[in-house]
Amino acid sequence: MPNTGMTDQQKKEGFPGDQTISGVLRQAGLVQSTKELRLEPIARNPERRDYLTRRSFRVYAGGRPVCHLRVGKDLGDLRSRTQAFAKACPDIASRALFWRQSDGWDYLGTELIDGQSLEALVIEGRLSSADALVKTQTVVSALEHTLLPSDVGAATQEMDQFQSRACASPIFSGLDQQFLQDVIFPFVRQGALAGPQQTRWTNGDLIARNVLVDSRGGVRLVDYEFASRTHFYAEDWWRWRSIS
């Protein structure tokens, strides 16, 4: 099986080749033979920090979907988030199928939702805006079923953790950090902590590109890199309006 879609830099980084990846899939029991195995690379944003250390594939065997495979460094957190989200929202989640670690690389296989994104279906005219909203409501309803009451203390703790991570980020200079602490976060806190507190699950990136519709019309929400139970799930609506 030839190496598919790997850049010279990724090869230099020692990224596992297709033969190695195929062997891991066979050892995991997902395929019996690698003869009819097809690894279809999924394009990733080259500007992401983990671009050289992570790759994603749609895996097929004999024409049937096997799994969505992620190969990379330090995928343990993604695995935990995927499992937790699937447990909380089983009707719309993609389940984790297997986990392997070999020669310093992590292999995470999840259900392959063989469908199209809501974004693509609407842009290509294969789904009306009205029908797309119905599909979206399925996702929203599943997320809202995870609502639980909370309190200001827990919400404040989560806000403090988020502020610490933001201010420690290397993308912000000293002046930026000062502006965040003196202006942005006090303003955000005033609104976020004002009303009754609740937590809810989110995948952390609710956009039309991450809502998939399968061949039977079923709807799934994918991409769990930032999935969590949070007090600040209203960000979902901002991302949906801004990006979708």
# chains A, B, ... in the order shown; residues from 1 in each chain; ligands from 1
call {"tool": "select_by_dssp", "arguments": {"residues": "stretch 52-216 of chain A", "states": "helix (DSSP H, G or I)", "output": "VMD selection string"}}
result
chain A and resid 76 to 88 118 to 123 129 to 144 152 to 168 174 to 192 208 to 210
call {"tool": "residues_around", "arguments": {"residues": "A:Arg70", "least_positions_apart": "4", "cutoff": "6 Å", "atoms": "only C-alpha atoms", "output": "list of chain:residue names"}}
result
A:Arg55, A:Ser56, A:Tyr107, A:Leu108
call {"tool": "write_last_selection", "arguments": {"atoms": "N, CA and C atoms", "output": "mmCIF file, in the first residue's frame"}}
result
data_model
loop_
_atom_site.group_PDB
_atom_site.id
_atom_site.type_symbol
_atom_site.label_atom_id
_atom_site.label_comp_id
_atom_site.auth_asym_id
_atom_site.auth_seq_id
_atom_site.Cartn_x
_atom_site.Cartn_y
_atom_site.Cartn_z
ATOM 1 N N ARG A 55 -2.593 13.020 11.810
ATOM 2 C CA ARG A 55 -3.249 12.802 10.528
ATOM 3 C C ARG A 55 -4.569 12.093 10.776
ATOM 4 N N SER A 56 -5.519 12.291 9.862
ATOM 5 C CA SER A 56 -6.829 11.655 9.972
ATOM 6 C C SER A 56 -7.156 10.934 8.672
ATOM 7 N N TYR A 107 -3.195 5.842 18.293
ATOM 8 C CA TYR A 107 -4.156 5.503 17.245
ATOM 9 C C TYR A 107 -5.552 5.483 17.870
ATOM 10 N N LEU A 108 -6.419 6.376 17.404
ATOM 11 C CA LEU A 108 -7.783 6.460 17.917
ATOM 12 C C LEU A 108 -8.759 6.228 16.773
#
call {"tool": "residues_around", "arguments": {"residues": "A:Pro186", "least_positions_apart": "5", "cutoff": "12 Å", "atoms": "only C-alpha atoms", "output": "PyMOL selection string"}}
result
chain A and resi 156+159-160+163+178-181+191-193
call {"tool": "select_by_dssp", "arguments": {"residues": "stretch 3-213 of chain A", "states": "strand (DSSP E)", "output": "PyMOL selection string"}}
result
chain A and resi 37-42+54-61+64-72+96-102+105-110+115-117+148-149+198-202+211-213
call {"tool": "write_last_selection", "arguments": {"atoms": "C-alpha atoms", "output": "PDB file, in the first residue's frame"}}
result
ATOM      1  CA  LEU A  37      -7.931  -1.815   2.903  1.00  0.00           C
ATOM      2  CA  ARG A  38      -8.153   1.802   1.780  1.00  0.00           C
ATOM      3  CA  LEU A  39      -6.910   4.752   3.816  1.00  0.00           C
ATOM      4  CA  GLU A  40      -8.477   7.974   2.575  1.00  0.00           C
ATOM      5  CA  PRO A  41      -6.583  10.980   4.024  1.00  0.00           C
ATOM      6  CA  ILE A  42      -8.690  13.809   5.410  1.00  0.00           C
ATOM      7  CA  ARG A  54      -1.484  14.327  13.502  1.00  0.00           C
ATOM      8  CA  ARG A  55      -3.249  12.802  10.528  1.00  0.00           C
ATOM      9  CA  SER A  56      -6.829  11.655   9.972  1.00  0.00           C
ATOM     10  CA  PHE A  57      -8.222   8.998   7.637  1.00  0.00           C
ATOM     11  CA  ARG A  58     -11.483   7.522   6.500  1.00  0.00           C
ATOM     12  CA  VAL A  59     -10.842   3.782   6.548  1.00  0.00           C
ATOM     13  CA  TYR A  60     -12.619   1.376   4.204  1.00  0.00           C
ATOM     14  CA  ALA A  61     -12.240  -2.373   3.697  1.00  0.00           C
ATOM     15  CA  ARG A  64     -17.416  -0.819   3.477  1.00  0.00           C
ATOM     16  CA  PRO A  65     -16.686   1.883   6.068  1.00  0.00           C
ATOM     17  CA  VAL A  66     -14.517   0.691   8.951  1.00  0.00           C
ATOM     18  CA  CYS A  67     -13.676   3.718  11.077  1.00  0.00           C
ATOM     19  CA  HIS A  68     -12.515   7.298  11.259  1.00  0.00           C
ATOM     20  CA  LEU A  69      -8.884   6.979  12.286  1.00  0.00           C
ATOM     21  CA  ARG A  70      -6.702   9.596  13.947  1.00  0.00           C
ATOM     22  CA  VAL A  71      -2.993   8.989  14.261  1.00  0.00           C
ATOM     23  CA  GLY A  72      -0.762  11.352  16.194  1.00  0.00           C
ATOM     24  CA  ALA A  96     -14.821   5.412  20.084  1.00  0.00           C
ATOM     25  CA  LEU A  97     -14.058   1.957  18.639  1.00  0.00           C
ATOM     26  CA  PHE A  98     -10.449   1.310  19.587  1.00  0.00           C
ATOM     27  CA  TRP A  99      -7.311   2.824  21.087  1.00  0.00           C
ATOM     28  CA  ARG A 100      -3.730   1.757  20.519  1.00  0.00           C
ATOM     29  CA  GLN A 101      -0.295   3.134  21.369  1.00  0.00           C
ATOM     30  CA  SER A 102       2.727   1.949  19.411  1.00  0.00           C
ATOM     31  CA  TRP A 105       2.263   7.177  18.331  1.00  0.00           C
ATOM     32  CA  ASP A 106      -1.389   7.067  19.351  1.00  0.00           C
ATOM     33  CA  TYR A 107      -4.156   5.503  17.245  1.00  0.00           C
ATOM     34  CA  LEU A 108      -7.783   6.460  17.917  1.00  0.00           C
ATOM     35  CA  GLY A 109     -10.542   4.855  15.868  1.00  0.00           C
ATOM     36  CA  THR A 110     -14.119   6.161  16.001  1.00  0.00           C
ATOM     37  CA  GLY A 115     -22.367  11.080   5.162  1.00  0.00           C
ATOM     38  CA  GLN A 116     -22.184  14.726   4.153  1.00  0.00           C
ATOM     39  CA  SER A 117     -21.914  17.837   6.269  1.00  0.00           C
ATOM     40  CA  LEU A 148     -27.899  20.181  34.853  1.00  0.00           C
ATOM     41  CA  PRO A 149     -28.252  22.897  37.535  1.00  0.00           C
ATOM     42  CA  GLN A 198     -26.411  25.497  34.489  1.00  0.00           C
ATOM     43  CA  THR A 199     -23.979  23.202  32.750  1.00  0.00           C
ATOM     44  CA  ARG A 200     -24.460  21.441  29.447  1.00  0.00           C
ATOM     45  CA  TRP A 201     -22.396  19.305  27.106  1.00  0.00           C
ATOM     46  CA  THR A 202     -20.989  20.805  23.922  1.00  0.00           C
ATOM     47  CA  VAL A 211     -23.041  18.287  11.634  1.00  0.00           C
ATOM     48  CA  LEU A 212     -23.140  15.204   9.399  1.00  0.00           C
ATOM     49  CA  VAL A 213     -26.187  13.690   7.734  1.00  0.00           C
TER      50      VAL A 213
END
